[in-house]
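Q: Starting off with a structure, shown below.
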Amino acid sequence: MSEYLSVAIIGLAFAGLFFVVLEDVIHVNKAQAVLFFGTLSWILLFVFSDHQTRHEFVIEGLYENIAEIAGLWLFLLAAMTFVVYLNKKGLIESLIYRFLPRQISERKLLFFIALFAFVFSSLADNITATLISIALILSLKLEAKKTIRFATVVVFAVNSGGVAMITGDVTTLMIFLQGKASILNLLLLSLPALLALIALASLLSFSLKDMVHIQLKTDRHESVDVVIAIVFVLTILGTIASNILFDIPPVLTFLFGLSVMFLVARAYGEDTEKAPILNYIRQIEFDTLLFFLGILLLVGALKEIHALESFVRIYDVLPIWMANYVMGILSAIIDNVPLTAALLKSDVTMNVQQWLSLTYAVGVGGSMLIIGSAAGIVAMSKIEALTFMSYLKYFFLLFFAYTLGYGATMLMGTYL
């Protein structure tokens, strides 16, 4: 393999990272950019594979890469379709207001929103969980400083809630699909993640003393919406149970659940020619899916030229627990998907405890900066007062909460 080709592909990887980090500055969609660089990298690999044996290795590597991406894509497509349907029907919003009283203290409300975002983000994708939580905050019409405080907790809660469930965070799903940790092991991460969230919410709630009056919303939902919500919950529970008992891949059970959703909609007359149930698939965040596709293609190309071996040299210099901790801090600057993909592709050797600590680190570490996670970017786009600098004021509290959760993860891992 030509040295010039290796340099070119590494350059494309850095260019892709540049577009991801500076998306809001240069106004170029990161999904489009990384898809371009990812596919171009593989085209170059094929064009300049100057030996038949090398050419066969490239083909094998591409097929392996696409197979991994397909499993991730199909799982996310099924999960996101469920969430889009329930969100469009207003079922999720109604569920929130069902538990809220007409009057509540700001402190209790902060904890309520934090716990809701934490739980919901473990079932749905981070973007949806953030949008719904931020919409609730904005409806309260709080002063700007308090709104920023609430939004800060939401960003941390959404990222923390997702780390324990394969439905909640893509990096968690990636680590599970590579066989680095079981579903039961990952579920244990909810304990340190919740501890860190409670610590952060407690610190941010000290100065909140006023009462909030909430205008409750009551919506009536058709029976088909409730049944599909039940199918969604059963699909999640069935995915966990079937994987533990029979080692059935999650993508298979989620696609089965999606098919049940379609059949239920047809049985209740929800699926019509004018409003087909398949339309909800077209409404999912395909930007997100294309971003994952581009990133994983790009990282796969780096693996082909053995560039990832130098990436993990930090694990030769530092103890694994400290290297994972640093990776979490880096995820506040670099998107956690390429970070995790690179580590998985580099074949770094870690035990279950260490993979769990990495899962927590890259999942929650992005919360420390507003640009470090999709949840932060979404929140910033919806709240005018929430900027990089206004969020940065809470950096040390966020850093403390992240460190506390990471420490609890390490402690928990010693008992596995």
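Quick note on naming: the chains in the structure tokens go A, B, ... in the order shown, residues restart at 1 in each chain, and ligands are numbered from 1 in order of appearance.
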May I have all residues of region 47-272 of chain A that DSSP, computed from the backbone, assigns to strand (DSSP E), given as a ChimeraX atom specification?

A: /A:103-105,211-213

Q: As a list in words, please: the residues near Leu138 (chain A) (cut-off 9 Å, only C-alpha atoms, same-chain neighbours under 6 positions excluded).

A: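 Once the nearby chain positions are removed, what remains is Thr147, Lys382 and Ile383 of chain A.
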
Q: Report, in Å to a single decimal, how far apart CA of Val326 (chain A) and CA of Trp355 (chain A) are.

A: 13.8 Å

Q: Which residue is closest to Ile113 (chain A)? Choose from A:Phe150, A:Ile69, A:Gly61, A:Gly90 and count only C-alpha atoms.

A: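 Selected residue with least distance to Ile113 (chain A): A:Phe150.
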
Q: Give me the residues near region 255-257 of chain A as a ChimeraX atom specification, where near means some atom within 7 Å (using only C-alpha atoms) and where sequence neighbours in that chain fewer than 3 positions away do not count.

A: /A:78,231,235,251-252,260-261

Q: Go ahead and write the selection's residues with N, CA, C and O atoms as a compact mmCIF listing (two decimals), in the first residue's frame.

A:
```txt
# COMPACT_ATOMS: atom_id res chain seq x y z
N ALA A 78 -35.60 1.17 12.79
CA ALA A 78 -36.78 0.61 13.46
C ALA A 78 -37.11 1.41 14.73
O ALA A 78 -38.26 1.79 14.96
N VAL A 231 -46.60 -1.81 22.16
CA VAL A 231 -45.75 -2.63 21.28
C VAL A 231 -44.30 -2.16 21.36
O VAL A 231 -43.36 -2.97 21.40
N THR A 235 -41.32 -4.35 22.67
CA THR A 235 -40.20 -4.62 21.76
C THR A 235 -38.87 -4.42 22.48
O THR A 235 -37.94 -5.22 22.33
N VAL A 251 -31.20 -6.25 16.34
CA VAL A 251 -31.77 -5.73 15.09
C VAL A 251 -32.93 -6.60 14.62
O VAL A 251 -33.93 -6.09 14.08
N LEU A 252 -32.86 -7.91 14.86
CA LEU A 252 -33.92 -8.82 14.42
C LEU A 252 -35.20 -8.59 15.20
O LEU A 252 -36.29 -8.51 14.63
N VAL A 260 -44.80 -5.64 13.60
CA VAL A 260 -46.01 -5.73 14.41
C VAL A 260 -46.70 -4.38 14.46
O VAL A 260 -47.94 -4.29 14.37
N MET A 261 -45.92 -3.30 14.57
CA MET A 261 -46.48 -1.95 14.56
C MET A 261 -47.26 -1.70 13.27
O MET A 261 -48.38 -1.16 13.29
```

Q: In region 26-200 of chain A, what's alpha helix (DSSP H) per DSSP? Answer as a PyMOL selection string?

A: chain A and resi 26+30-47+52-88+91-99+106-123+126-139+144-162+170-177+183-187+190-200

Q: Which distance in Å separates CA of Thr239 (chain A) and CA of Phe111 (chain A), to one decimal?

A: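 Interatomic distance here is 29.4 Å.
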
Q: With only C-alpha atoms as the basis for distance, which of A:Ile166, A:Ile10, A:Leu177, A:Ala114 is at the shortest distance from Ala70 (chain A)?

A: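 Checking each of A:Ile166, A:Ile10, A:Leu177, A:Ala114 against Ala70 (chain A), counting only C-alpha atoms, the winner is A:Leu177.
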
Q: Provide the CA of Ile59 (chain A) to CA of Leu297 (chain A) distance in Å, to one decimal place.

A: 13.0 Å

Q: Determine the nearest neighbour of Ser205 (chain A) from the options A:Phe120, A:Leu109, A:Gly238, A:Gly11, counting only C-alpha atoms.

A: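 For Ser205 (chain A), the nearest of the candidates is A:Leu109.
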
Q: Using only C-alpha atoms, which of A:Ala332, A:Gly162, A:Phe292, A:Lys88 sits nearest Phe399 (chain A)?

A: A:Ala332

Q: Which of these residues is nearest to Ala157 (chain A), using only C-alpha atoms: A:Ser367, A:Asn87, A:Ser6, A:Ser94?

A: A:Ser367

Q: I'd like the contact shell of region 336-351 of chain A - 9 Å cut-off, only C-alpha atoms, skipping same-chain residues fewer than 5 positions apart - returned as a PyMOL selection string.

A: chain A and resi 17+170-171+174-175+178+180-181+292+295-296+298-300+302-303+306-312+315+320+327-328+330-331+356+358-359+362-363+365-366+372-373

Q: Find the residues around Ala8 (chain A) up to 10 Å (only C-alpha atoms counted), leave out those fewer than 5 positions away in its own chain, and share them as a VMD selection string.

A: chain A and resid 2 to 3 13 to 14 41 44

Q: Limited to C-alpha atoms, could you put the picked residues into a file as an mmCIF file, in the first residue's frame?

A:
```
data_model
loop_
_atom_site.group_PDB
_atom_site.id
_atom_site.type_symbol
_atom_site.label_atom_id
_atom_site.label_comp_id
_atom_site.auth_asym_id
_atom_site.auth_seq_id
_atom_site.Cartn_x
_atom_site.Cartn_y
_atom_site.Cartn_z
ATOM 1 C CA SER A 2 1.471 3.310 -1.115
ATOM 2 C CA GLU A 3 2.639 5.673 1.601
ATOM 3 C CA ALA A 13 -10.217 11.625 7.920
ATOM 4 C CA PHE A 14 -8.932 14.898 9.402
ATOM 5 C CA SER A 41 -11.484 6.937 0.909
ATOM 6 C CA LEU A 44 -9.027 5.464 -3.501
#
```

Q: If we count only C-alpha atoms and set the cut-off at 10 Å, which residues sit around Val163 (chain A), ignoring sequence neighbours fewer than 6 positions away in its own chain? Please answer as a list in words.

A: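 That gives Phe118, Ser121, Ser122, Asp169, Val170, Thr171, Thr172, Leu173, Leu186, Leu187, Leu188, Leu189, Ser190, Ala193, Leu356, Thr359, Tyr360, Ala361, Val362, Gly363 and Val364 of chain A.
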
Q: Using only C-alpha atoms, please write the residues we just selected to a file, as a PDB file, in the first residue's frame.

A:
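Everything below was put into selection-v1.pdb:
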```
ATOM      1  CA  PHE A 118     -32.725  10.435  31.686  1.00  0.00           C
ATOM      2  CA  SER A 121     -33.307   9.052  26.360  1.00  0.00           C
ATOM      3  CA  SER A 122     -32.673   5.416  27.247  1.00  0.00           C
ATOM      4  CA  ASP A 169     -26.933   5.804  22.552  1.00  0.00           C
ATOM      5  CA  VAL A 170     -25.260   4.791  19.310  1.00  0.00           C
ATOM      6  CA  THR A 171     -21.863   4.299  20.940  1.00  0.00           C
ATOM      7  CA  THR A 172     -23.420   1.928  23.470  1.00  0.00           C
ATOM      8  CA  LEU A 173     -25.034   0.030  20.605  1.00  0.00           C
ATOM      9  CA  LEU A 186     -24.588  -2.219  30.115  1.00  0.00           C
ATOM     10  CA  LEU A 187     -27.786  -1.884  32.168  1.00  0.00           C
ATOM     11  CA  LEU A 188     -25.623  -1.589  35.271  1.00  0.00           C
ATOM     12  CA  LEU A 189     -24.255   1.696  33.917  1.00  0.00           C
ATOM     13  CA  SER A 190     -27.595   3.329  34.740  1.00  0.00           C
ATOM     14  CA  ALA A 193     -25.016   7.609  35.427  1.00  0.00           C
ATOM     15  CA  LEU A 356     -18.061  -0.294  30.483  1.00  0.00           C
ATOM     16  CA  THR A 359     -18.966   3.380  27.309  1.00  0.00           C
ATOM     17  CA  TYR A 360     -19.771   5.759  30.157  1.00  0.00           C
ATOM     18  CA  ALA A 361     -16.851   8.080  29.334  1.00  0.00           C
ATOM     19  CA  VAL A 362     -17.602   8.658  25.645  1.00  0.00           C
ATOM     20  CA  GLY A 363     -21.360   8.717  26.251  1.00  0.00           C
ATOM     21  CA  VAL A 364     -21.366  11.304  29.038  1.00  0.00           C
TER      22      VAL A 364
END
```

Q: Tell me which of A:Ser182, A:Glu273, A:Val155, A:Leu289 sits closest to Leu72 (chain A), counting only C-alpha atoms.

A: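 Between A:Ser182, A:Glu273, A:Val155, A:Leu289, the residue approaching Leu72 (chain A) most closely is A:Leu289.
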
Q: Please list as a compact mmCIF listing (two decimals) with N, CA, C and O atoms, in the first residue's frame every residue within 12 Å of Val153 (chain A), counting only C-alpha atoms and excluding residues in the same chain fewer than 6 positions away.

A:
```
# COMPACT_ATOMS: atom_id res chain seq x y z
N ARG A 107 -37.17 23.76 42.08
CA ARG A 107 -36.20 22.71 42.42
C ARG A 107 -36.73 21.32 42.08
O ARG A 107 -36.06 20.52 41.44
N LEU A 109 -39.11 20.68 39.98
CA LEU A 109 -39.31 20.62 38.53
C LEU A 109 -38.00 20.29 37.82
O LEU A 109 -37.98 19.53 36.85
N LEU A 110 -36.90 20.85 38.32
CA LEU A 110 -35.59 20.55 37.74
C LEU A 110 -35.29 19.05 37.83
O LEU A 110 -34.84 18.44 36.85
N PHE A 111 -35.56 18.48 38.99
CA PHE A 111 -35.32 17.04 39.16
C PHE A 111 -36.29 16.22 38.30
O PHE A 111 -35.90 15.19 37.74
N PHE A 112 -37.53 16.68 38.18
CA PHE A 112 -38.51 15.96 37.36
C PHE A 112 -38.06 15.92 35.90
O PHE A 112 -38.07 14.86 35.26
N ILE A 113 -37.67 17.07 35.37
CA ILE A 113 -37.24 17.14 33.97
C ILE A 113 -35.97 16.33 33.77
O ILE A 113 -35.81 15.64 32.75
N ALA A 114 -35.05 16.39 34.76
CA ALA A 114 -33.81 15.62 34.66
C ALA A 114 -34.10 14.12 34.60
O ALA A 114 -33.54 13.41 33.76
N LEU A 115 -34.98 13.65 35.45
CA LEU A 115 -35.32 12.22 35.48
C LEU A 115 -36.07 11.80 34.23
O LEU A 115 -35.86 10.70 33.70
N PHE A 116 -36.97 12.68 33.75
CA PHE A 116 -37.69 12.36 32.52
C PHE A 116 -36.71 12.22 31.35
O PHE A 116 -36.75 11.25 30.58
N ALA A 117 -35.81 13.20 31.21
CA ALA A 117 -34.84 13.18 30.11
C ALA A 117 -33.94 11.95 30.22
O ALA A 117 -33.60 11.32 29.21
N PHE A 118 -33.59 11.60 31.44
CA PHE A 118 -32.73 10.44 31.69
C PHE A 118 -33.41 9.14 31.24
O PHE A 118 -32.84 8.33 30.51
N THR A 130 -34.06 15.29 23.66
CA THR A 130 -33.69 16.69 23.90
C THR A 130 -34.77 17.64 23.41
O THR A 130 -35.14 18.59 24.13
N SER A 133 -37.75 17.59 25.84
CA SER A 133 -37.41 18.19 27.13
C SER A 133 -37.25 19.71 27.02
O SER A 133 -37.71 20.46 27.89
N ILE A 134 -36.60 20.16 25.95
CA ILE A 134 -36.41 21.60 25.75
C ILE A 134 -37.75 22.29 25.48
O ILE A 134 -38.00 23.42 25.96
N ILE A 137 -39.30 22.92 28.77
CA ILE A 137 -38.64 24.03 29.47
C ILE A 137 -39.09 25.37 28.92
O ILE A 137 -39.41 26.30 29.67
N LYS A 146 -32.26 30.91 34.37
CA LYS A 146 -32.84 29.64 34.84
C LYS A 146 -33.07 28.68 33.69
O LYS A 146 -32.89 27.46 33.83
N THR A 147 -33.45 29.22 32.54
CA THR A 147 -33.64 28.37 31.36
C THR A 147 -32.34 27.68 30.98
O THR A 147 -32.33 26.48 30.66
N ASN A 159 -27.59 12.57 27.76
CA ASN A 159 -26.39 11.79 27.47
C ASN A 159 -26.16 10.69 28.50
O ASN A 159 -25.69 9.60 28.16
N SER A 160 -26.51 10.97 29.75
CA SER A 160 -26.33 9.97 30.81
C SER A 160 -27.32 8.83 30.68
O SER A 160 -26.98 7.65 30.88
N GLY A 161 -28.56 9.16 30.36
CA GLY A 161 -29.59 8.13 30.25
C GLY A 161 -29.35 7.15 29.13
O GLY A 161 -29.72 5.97 29.23
N ALA A 196 -24.46 10.48 38.99
CA ALA A 196 -23.84 11.70 38.48
C ALA A 196 -24.89 12.76 38.16
O ALA A 196 -24.70 13.95 38.45
N LEU A 197 -26.02 12.34 37.60
CA LEU A 197 -27.09 13.28 37.26
C LEU A 197 -27.69 13.91 38.51
O LEU A 197 -27.92 15.13 38.56
N ILE A 198 -27.94 13.10 39.52
CA ILE A 198 -28.51 13.62 40.77
C ILE A 198 -27.55 14.62 41.42
O ILE A 198 -27.97 15.65 41.95
N ALA A 199 -26.25 14.31 41.36
CA ALA A 199 -25.26 15.23 41.92
C ALA A 199 -25.28 16.57 41.18
O ALA A 199 -25.28 17.64 41.82
N LEU A 200 -25.33 16.53 39.86
CA LEU A 200 -25.36 17.78 39.08
C LEU A 200 -26.65 18.55 39.34
O LEU A 200 -26.61 19.78 39.54
N ALA A 201 -27.78 17.86 39.32
CA ALA A 201 -29.07 18.53 39.56
C ALA A 201 -29.11 19.16 40.95
O ALA A 201 -29.66 20.26 41.13
N SER A 202 -28.52 18.48 41.92
CA SER A 202 -28.49 19.03 43.29
C SER A 202 -27.68 20.31 43.35
O SER A 202 -28.08 21.30 43.97
N LEU A 203 -26.53 20.31 42.69
CA LEU A 203 -25.67 21.49 42.68
C LEU A 203 -26.32 22.67 41.97
O LEU A 203 -26.17 23.83 42.39
N LEU A 204 -27.05 22.39 40.90
CA LEU A 204 -27.68 23.47 40.13
C LEU A 204 -29.02 23.92 40.70
O LEU A 204 -29.57 24.93 40.25
N SER A 205 -29.54 23.19 41.68
CA SER A 205 -30.86 23.53 42.21
C SER A 205 -30.82 24.39 43.47
O SER A 205 -31.85 24.85 43.94
N SER A 367 -21.00 15.89 27.31
CA SER A 367 -21.86 16.86 27.98
C SER A 367 -21.08 18.06 28.52
O SER A 367 -21.68 19.10 28.83
N MET A 368 -19.78 17.93 28.65
CA MET A 368 -19.01 18.99 29.30
C MET A 368 -18.92 20.27 28.47
O MET A 368 -18.72 21.35 29.03
N ILE A 370 -20.99 22.38 25.15
CA ILE A 370 -22.27 22.40 24.43
C ILE A 370 -22.12 21.81 23.03
O ILE A 370 -23.08 21.26 22.46
N ALA A 375 -27.14 16.33 21.66
CA ALA A 375 -28.09 16.94 22.60
C ALA A 375 -27.76 18.40 22.83
O ALA A 375 -28.64 19.27 22.87
N GLY A 376 -26.47 18.71 22.99
CA GLY A 376 -26.05 20.09 23.22
C GLY A 376 -26.31 20.98 22.02
O GLY A 376 -26.79 22.11 22.16
N ALA A 379 -30.09 21.61 21.77
CA ALA A 379 -30.52 22.55 22.81
C ALA A 379 -30.11 23.98 22.46
O ALA A 379 -30.88 24.92 22.62
N TYR A 391 -23.00 28.20 28.49
CA TYR A 391 -22.93 26.81 28.95
C TYR A 391 -21.60 26.53 29.64
O TYR A 391 -21.52 25.74 30.58
N TYR A 394 -20.84 26.46 33.48
CA TYR A 394 -21.12 25.29 34.32
C TYR A 394 -20.13 24.15 34.05
O TYR A 394 -20.37 23.01 34.47
N PHE A 395 -19.02 24.46 33.38
CA PHE A 395 -18.07 23.41 32.99
C PHE A 395 -17.56 22.62 34.20
O PHE A 395 -17.51 21.38 34.18
N LEU A 397 -18.84 22.17 37.15
CA LEU A 397 -19.88 21.32 37.74
C LEU A 397 -20.11 20.09 36.86
O LEU A 397 -20.27 18.97 37.38
N LEU A 398 -20.13 20.29 35.56
CA LEU A 398 -20.31 19.18 34.63
C LEU A 398 -19.11 18.23 34.70
O LEU A 398 -19.28 17.00 34.67
N ALA A 401 -19.43 16.19 37.87
CA ALA A 401 -20.45 15.14 37.74
C ALA A 401 -19.95 14.00 36.86
O ALA A 401 -20.16 12.82 37.18
```
